[in-house]
Amino acid sequence: MLDENSETLTFATFKSKKIINLQSVEQSAKNELDFVISHRFGPLNSGYSELYGLDVGSMRMIFDYGMTENISISLARSSSEKVIDASVKCRLLTQGFKKSPVTISSYSSLFYDTLAAKWWAVDSITSNKNIGFQQQILIASKINSNLSVQVSPIYTNYYECNQENKTGEKINSWALGIGGRYKINRSVSINSEWVPVLMNNGDIIDPFKNNTTINSFSIGVDIETGGHVFQLILSNAITMIEKSFIAETTGDFFGGDIHFGFNISRTF
C-alpha cells in the first residue's frame with residue numbers, strides 16, 4: 001500500500017548541467033560544487049597550417065554551487081569577449097511529482113562584457129551597455145531510460161558592440177533551444193542540440209529560410225568516469241556564453257565551419 005501511494009521522481013535526465021552548449025535541467029545538489037572547464041578550437045576547415053583549428057581556441061571556466069536541492073548559483077569567465085557572468089538555476093517541477101511528465105527549471109543569467117566596458121569608457125552615457133541579461137525556461141522529459149529531450153524558450157537582452165566606432169545596438173532576441181540525449185550504455189551517451197533564433201528586435205525570423213542569422217547546431221558524446229563527465233563536441237559555435245552562441249554564431253555547420261571542443265566537469 002505504501003508503494004502504491006508513493007511517487008517516483010525522475011533523476012539523471014542528462015549526464016551534465018549542459019546538453020552541449022545549452023543548459024540542461026540538471027543542477028548541483030545541496031552543498032555540491034561543480035567545476036567545469038570548456039574549450040572550443042578553431043574551425044576544422046582551417047587546414048593543416050592551423051592544425052585544423054587546434055592552434056586557435058577559447059576557454060571558459062564555471063563554478064557552480066548547490067545552495068539547496070532545487071537552487072544552484074554559478075560564476076563563470078570566458079576568454080572569448082572577456083565576459084564574466086553570474087547565474088541562478090531553480091528547479092520548479094520534477095518529472096514524476098503528481099505524475100508530471102516533465103521537469104521544469106528556470107535559468108537566469110547576468111553577464112558583464114569587459115571589452116565593451118573598455119571600448120565605451122570614453123562615453124559615460126553608454127557605460128551601462130556592457131551589461132546583458134538572459135532568461136531561459138528549461139522543459140525536459142526523460143522518455144525512457146535511454147532517451148531524454150528538452151525544449152528551452154530563451155530571451156536575451158544585450159547591446160551588440162561595434163569596436164570600430166564604439167557604438168552599440170540594443171538587441172532583444174527570442175530563441176528556442178531544442179536538445180536531446182540518447183544513452184548508449186551506463187557511461188556513454190550521444191547528445192545533439194539546435195538553437196534557432198525566432199525573433200530579433202520584433203522582426204520574426206524563419207529558422208529554415210533566413211539568410212542573415214546562423215543558428216547554433218552541435219553534436220557530442222558524453223563519457224562519465226566516476227566523478228568526471230567528459231563531453232566531446234562538434235559545433236558551429238566557437239563561443240560558449242549563452243548570448244554569444246545563440247545570437248552571434250557565424251559559422252555554417254553543414255558548410256564545414258565546425259569547431260571541435262570539450263567540456264570537463266568535476267564535482268566536489
# chains A, B, ... in the order shown; residues from 1 in each chain; ligands from 1
>>> select_by_dssp(residues="range 10-218 of chain A", states="strand (DSSP E or B)", output="JSON, numbers by chain")
{"A": [18, 23, 33, 34, 35, 36, 37, 38, 39, 40, 41, 42, 43, 57, 58, 59, 60, 61, 62, 63, 64, 65, 66, 71, 72, 73, 74, 75, 76, 77, 78, 83, 84, 85, 86, 87, 88, 89, 90, 91, 92, 93, 103, 104, 105, 106, 107, 108, 109, 110, 111, 112, 113, 131, 132, 133, 134, 135, 136, 137, 138, 139, 140, 141, 142, 147, 148, 149, 150, 151, 152, 153, 154, 155, 156, 157, 158, 159, 160, 161, 162, 167, 168, 169, 170, 171, 172, 173, 174, 175, 176, 177, 178, 179, 180, 181, 182, 183, 188, 189, 190, 191, 192, 193, 194, 195, 197, 198, 199, 200, 203, 204, 216, 217, 218]}
>>> residues_around(residues="Leu115 in chain A", least_positions_apart="5", cutoff="9 Å", atoms="only C-alpha atoms", output="ChimeraX atom specification")
/A:81-83,120,130
>>> write_last_selection(atoms="N, CA and C atoms", output="short mmCIF file (atom, residue, chain, number, x, y, z; two decimals), in the first residue's frame")
data_model
loop_
_atom_site.label_atom_id
_atom_site.label_comp_id
_atom_site.auth_asym_id
_atom_site.auth_seq_id
_atom_site.Cartn_x
_atom_site.Cartn_y
_atom_site.Cartn_z
N GLU A 81 35.50 37.27 -25.81
CA GLU A 81 34.82 38.51 -25.48
C GLU A 81 35.07 38.96 -24.04
N LYS A 82 35.90 38.19 -23.28
CA LYS A 82 36.27 38.57 -21.91
C LYS A 82 35.04 38.83 -21.03
N VAL A 83 34.08 37.94 -21.10
CA VAL A 83 32.81 38.12 -20.40
C VAL A 83 32.83 37.41 -19.05
N TRP A 120 33.73 51.52 -24.51
CA TRP A 120 32.79 52.61 -24.29
C TRP A 120 33.14 53.49 -23.09
N ASN A 130 27.48 47.52 -21.28
CA ASN A 130 28.28 46.30 -21.18
C ASN A 130 27.62 45.23 -20.33
#
>>> atom_distance(atom1="CA of Phe35 in chain A", atom2="CA of Phe63 in chain A")
4.9 Å
>>> residues_around(residues="Ser87 in chain A", least_positions_apart="2", cutoff="8 Å", atoms="only C-alpha atoms", output="PyMOL selection string")
chain A and resi 73-75+85+89+107-110
>>> write_last_selection(atoms="all heavy atoms", output="short mmCIF file (atom, residue, chain, number, x, y, z; two decimals), in the first residue's frame")
data_model
loop_
_atom_site.label_atom_id
_atom_site.label_comp_id
_atom_site.auth_asym_id
_atom_site.auth_seq_id
_atom_site.Cartn_x
_atom_site.Cartn_y
_atom_site.Cartn_z
N ILE A 73 23.74 28.28 -7.89
CA ILE A 73 24.26 29.53 -8.41
C ILE A 73 25.60 29.25 -9.08
O ILE A 73 26.29 28.28 -8.74
CB ILE A 73 24.43 30.59 -7.31
CG1 ILE A 73 25.38 30.08 -6.21
CG2 ILE A 73 23.08 30.97 -6.71
CD1 ILE A 73 25.71 31.12 -5.15
N SER A 74 25.97 30.08 -10.05
CA SER A 74 27.25 29.85 -10.72
C SER A 74 27.90 31.17 -11.09
O SER A 74 27.23 32.21 -11.25
CB SER A 74 27.05 29.00 -11.98
OG SER A 74 26.32 29.71 -12.96
N LEU A 75 29.21 31.12 -11.23
CA LEU A 75 30.02 32.25 -11.66
C LEU A 75 30.98 31.73 -12.72
O LEU A 75 31.61 30.68 -12.54
CB LEU A 75 30.80 32.84 -10.48
CG LEU A 75 31.64 34.08 -10.76
CD1 LEU A 75 30.74 35.27 -11.12
CD2 LEU A 75 32.51 34.43 -9.55
N ASP A 85 30.07 36.22 -16.13
CA ASP A 85 28.62 36.08 -15.96
C ASP A 85 28.30 35.33 -14.68
O ASP A 85 29.06 34.47 -14.22
CB ASP A 85 27.98 35.39 -17.17
CG ASP A 85 28.55 34.02 -17.45
OD1 ASP A 85 29.66 33.92 -18.02
OD2 ASP A 85 27.89 33.03 -17.12
N LYS A 89 20.00 28.91 -11.24
CA LYS A 89 19.13 27.90 -11.81
C LYS A 89 18.23 27.36 -10.70
O LYS A 89 18.71 27.00 -9.63
CB LYS A 89 19.93 26.75 -12.44
CG LYS A 89 19.06 25.72 -13.15
CD LYS A 89 19.88 24.55 -13.67
CE LYS A 89 20.71 24.93 -14.87
NZ LYS A 89 21.40 23.75 -15.47
N TYR A 107 16.35 29.34 -15.60
CA TYR A 107 17.76 29.71 -15.62
C TYR A 107 17.87 31.19 -15.96
O TYR A 107 17.43 31.64 -17.03
CB TYR A 107 18.53 28.87 -16.66
CG TYR A 107 19.99 29.25 -16.79
CD1 TYR A 107 20.93 28.78 -15.88
CD2 TYR A 107 20.43 30.07 -17.82
CE1 TYR A 107 22.26 29.12 -15.99
CE2 TYR A 107 21.77 30.42 -17.94
CZ TYR A 107 22.67 29.94 -17.03
OH TYR A 107 24.00 30.27 -17.14
N SER A 108 18.42 31.98 -15.04
CA SER A 108 18.57 33.42 -15.22
C SER A 108 20.05 33.77 -15.12
O SER A 108 20.72 33.34 -14.18
CB SER A 108 17.79 34.19 -14.15
OG SER A 108 16.44 33.80 -14.11
N SER A 109 20.55 34.56 -16.08
CA SER A 109 21.96 34.92 -16.06
C SER A 109 22.14 36.40 -16.36
O SER A 109 21.38 37.01 -17.11
CB SER A 109 22.75 34.09 -17.08
OG SER A 109 22.31 34.35 -18.40
N LEU A 110 23.17 36.95 -15.74
CA LEU A 110 23.56 38.35 -15.93
C LEU A 110 25.02 38.35 -16.35
O LEU A 110 25.85 37.73 -15.68
CB LEU A 110 23.38 39.13 -14.63
CG LEU A 110 23.56 40.65 -14.68
CD1 LEU A 110 22.41 41.29 -15.45
CD2 LEU A 110 23.63 41.22 -13.27
#
>>> select_by_dssp(residues="range 48-223 of chain A", states="alpha helix (DSSP H)", output="number ranges by chain")
A: 114-119
>>> write_last_selection(atoms="N, CA, C and O atoms", output="tab-separated table (two decimals), in the first residue's frame")
chain	number	residue	atom	x	y	z
A	114	THR	N	33.56	42.86	-20.41
A	114	THR	CA	34.66	43.74	-20.01
A	114	THR	C	35.28	44.44	-21.20
A	114	THR	O	35.82	45.55	-21.06
A	115	LEU	N	35.23	43.84	-22.40
A	115	LEU	CA	35.74	44.51	-23.59
A	115	LEU	C	34.87	45.71	-23.95
A	115	LEU	O	35.37	46.78	-24.28
A	116	ALA	N	33.56	45.52	-23.88
A	116	ALA	CA	32.64	46.62	-24.17
A	116	ALA	C	32.83	47.75	-23.17
A	116	ALA	O	32.77	48.94	-23.52
A	117	ALA	N	33.09	47.40	-21.92
A	117	ALA	CA	33.32	48.41	-20.90
A	117	ALA	C	34.54	49.26	-21.25
A	117	ALA	O	34.56	50.47	-21.06
A	118	LYS	N	35.56	48.63	-21.81
A	118	LYS	CA	36.77	49.35	-22.20
A	118	LYS	C	36.51	50.21	-23.43
A	118	LYS	O	36.92	51.37	-23.49
A	119	TRP	N	35.80	49.66	-24.43
A	119	TRP	CA	35.55	50.39	-25.66
A	119	TRP	C	34.69	51.64	-25.43
A	119	TRP	O	34.88	52.66	-26.05
>>> closest_atom_pairs(of="range 73-152 of chain A", to="range 13-31 of chain A", cutoff="9 Å", atoms="only C-alpha atoms", output="CSV")
residue,atom,partner,partner_atom,distance
A:Ile73,CA,A:Ser28,CA,8.8
A:Lys89,CA,A:Gln27,CA,7.4
A:Cys90,CA,A:Gln27,CA,8.5
A:Arg91,CA,A:Val25,CA,7.5
A:Thr103,CA,A:Val25,CA,7.1
A:Ile104,CA,A:Val25,CA,7.1
A:Ser105,CA,A:Val25,CA,6.0
A:Ser106,CA,A:Val25,CA,8.5
A:Tyr107,CA,A:Gln23,CA,8.0
A:Gln136,CA,A:Gln23,CA,8.7
A:Leu138,CA,A:Val25,CA,6.1
A:Ile139,CA,A:Val25,CA,7.4
A:Ala140,CA,A:Val25,CA,6.8
A:Ser141,CA,A:Thr13,CA,7.2
A:Lys142,CA,A:Thr13,CA,5.5
A:Ser145,CA,A:Thr13,CA,8.6
A:Leu147,CA,A:Thr13,CA,8.5
A:Ser148,CA,A:Thr13,CA,6.1
A:Val149,CA,A:Thr13,CA,8.4
A:Gln150,CA,A:Ser24,CA,7.7
A:Ser152,CA,A:Leu22,CA,8.6
>>> write_last_selection(atoms="N, CA and C atoms", output="mmCIF file, in the first residue's frame")
data_model
loop_
_atom_site.group_PDB
_atom_site.id
_atom_site.type_symbol
_atom_site.label_atom_id
_atom_site.label_comp_id
_atom_site.auth_asym_id
_atom_site.auth_seq_id
_atom_site.Cartn_x
_atom_site.Cartn_y
_atom_site.Cartn_z
ATOM 1 N N ILE A 73 23.737 28.279 -7.886
ATOM 2 C CA ILE A 73 24.259 29.529 -8.412
ATOM 3 C C ILE A 73 25.601 29.247 -9.078
ATOM 4 N N LYS A 89 20.003 28.914 -11.237
ATOM 5 C CA LYS A 89 19.127 27.895 -11.811
ATOM 6 C C LYS A 89 18.225 27.364 -10.703
ATOM 7 N N CYS A 90 16.942 27.317 -10.981
ATOM 8 C CA CYS A 90 15.963 26.900 -9.975
ATOM 9 C C CYS A 90 15.048 25.835 -10.559
ATOM 10 N N ARG A 91 14.982 24.681 -9.912
ATOM 11 C CA ARG A 91 14.072 23.629 -10.347
ATOM 12 C C ARG A 91 12.675 23.928 -9.831
ATOM 13 N N THR A 103 10.161 17.789 -16.327
ATOM 14 C CA THR A 103 10.875 18.579 -15.339
ATOM 15 C C THR A 103 11.011 19.990 -15.888
ATOM 16 N N ILE A 104 10.738 20.994 -15.050
ATOM 17 C CA ILE A 104 10.806 22.393 -15.479
ATOM 18 C C ILE A 104 11.754 23.151 -14.559
ATOM 19 N N SER A 105 12.674 23.888 -15.158
ATOM 20 C CA SER A 105 13.610 24.710 -14.400
ATOM 21 C C SER A 105 13.686 26.098 -15.009
ATOM 22 N N SER A 106 14.093 27.056 -14.177
ATOM 23 C CA SER A 106 14.322 28.421 -14.629
ATOM 24 C C SER A 106 15.818 28.715 -14.542
ATOM 25 N N TYR A 107 16.349 29.339 -15.604
ATOM 26 C CA TYR A 107 17.763 29.705 -15.625
ATOM 27 C C TYR A 107 17.873 31.191 -15.956
ATOM 28 N N GLN A 136 15.935 31.801 -19.376
ATOM 29 C CA GLN A 136 15.562 30.558 -20.056
ATOM 30 C C GLN A 136 14.577 29.778 -19.180
ATOM 31 N N LEU A 138 13.561 25.881 -18.946
ATOM 32 C CA LEU A 138 14.019 24.561 -19.386
ATOM 33 C C LEU A 138 12.920 23.536 -19.125
ATOM 34 N N ILE A 139 12.454 22.892 -20.183
ATOM 35 C CA ILE A 139 11.375 21.902 -20.070
ATOM 36 C C ILE A 139 11.888 20.588 -20.660
ATOM 37 N N ALA A 140 12.072 19.585 -19.812
ATOM 38 C CA ALA A 140 12.679 18.334 -20.256
ATOM 39 C C ALA A 140 11.842 17.138 -19.827
ATOM 40 N N SER A 141 11.984 16.081 -20.584
ATOM 41 C CA SER A 141 11.295 14.833 -20.255
ATOM 42 C C SER A 141 12.225 13.657 -20.534
ATOM 43 N N LYS A 142 12.302 12.763 -19.570
ATOM 44 C CA LYS A 142 13.042 11.511 -19.749
ATOM 45 C C LYS A 142 12.037 10.487 -20.256
ATOM 46 N N SER A 145 14.637 5.082 -20.170
ATOM 47 C CA SER A 145 15.959 5.052 -19.536
ATOM 48 C C SER A 145 17.076 5.492 -20.482
ATOM 49 N N LEU A 147 16.407 7.639 -23.596
ATOM 50 C CA LEU A 147 16.111 8.843 -24.379
ATOM 51 C C LEU A 147 15.573 9.971 -23.512
ATOM 52 N N SER A 148 16.187 11.151 -23.643
ATOM 53 C CA SER A 148 15.715 12.367 -22.969
ATOM 54 C C SER A 148 15.660 13.500 -23.989
ATOM 55 N N VAL A 149 14.661 14.376 -23.863
ATOM 56 C CA VAL A 149 14.517 15.516 -24.765
ATOM 57 C C VAL A 149 14.248 16.775 -23.945
ATOM 58 N N GLN A 150 14.572 17.932 -24.528
ATOM 59 C CA GLN A 150 14.345 19.199 -23.832
ATOM 60 C C GLN A 150 14.084 20.314 -24.835
ATOM 61 N N SER A 152 13.707 24.729 -24.766
ATOM 62 C CA SER A 152 14.039 25.847 -23.885
ATOM 63 C C SER A 152 13.737 27.173 -24.585
#
>>> residues_around(residues="range 241-248 of chain A", least_positions_apart="3", cutoff="7 Å", atoms="only C-alpha atoms", output="list in words")
Thr156, Val195, Val197, Asn215, Ser216 and Ala237 of chain A
>>> write_last_selection(atoms="N, CA, C and O atoms", output="PDB file, in the first residue's frame")
ATOM      1  N   THR A 156      16.919  37.023 -24.640  1.00  0.00           N
ATOM      2  CA  THR A 156      18.210  37.653 -24.388  1.00  0.00           C
ATOM      3  C   THR A 156      18.107  39.149 -24.644  1.00  0.00           C
ATOM      4  O   THR A 156      17.559  39.568 -25.665  1.00  0.00           O
ATOM      5  N   VAL A 195      19.603  25.481 -31.933  1.00  0.00           N
ATOM      6  CA  VAL A 195      19.082  26.677 -31.263  1.00  0.00           C
ATOM      7  C   VAL A 195      18.689  27.721 -32.311  1.00  0.00           C
ATOM      8  O   VAL A 195      19.468  28.635 -32.615  1.00  0.00           O
ATOM      9  N   VAL A 197      17.099  31.043 -33.779  1.00  0.00           N
ATOM     10  CA  VAL A 197      16.655  32.372 -33.354  1.00  0.00           C
ATOM     11  C   VAL A 197      15.334  32.658 -34.071  1.00  0.00           C
ATOM     12  O   VAL A 197      15.243  32.560 -35.297  1.00  0.00           O
ATOM     13  N   ASN A 215      22.058  29.737 -37.088  1.00  0.00           N
ATOM     14  CA  ASN A 215      21.677  29.101 -35.830  1.00  0.00           C
ATOM     15  C   ASN A 215      22.731  28.096 -35.373  1.00  0.00           C
ATOM     16  O   ASN A 215      23.351  27.413 -36.183  1.00  0.00           O
ATOM     17  N   SER A 216      22.902  28.031 -34.062  1.00  0.00           N
ATOM     18  CA  SER A 216      23.865  27.110 -33.472  1.00  0.00           C
ATOM     19  C   SER A 216      23.356  25.668 -33.593  1.00  0.00           C
ATOM     20  O   SER A 216      22.208  25.374 -33.277  1.00  0.00           O
ATOM     21  N   ALA A 237      29.563  26.826 -33.321  1.00  0.00           N
ATOM     22  CA  ALA A 237      29.766  27.959 -32.423  1.00  0.00           C
ATOM     23  C   ALA A 237      31.087  27.800 -31.687  1.00  0.00           C
ATOM     24  O   ALA A 237      31.312  26.779 -31.039  1.00  0.00           O
TER      25      ALA A 237
END
>>> closest_residue(among="A:His259, A:Lys99, A:His39, A:Lys209", to="Phe230 in chain A", atoms="only C-alpha atoms")
A:His39
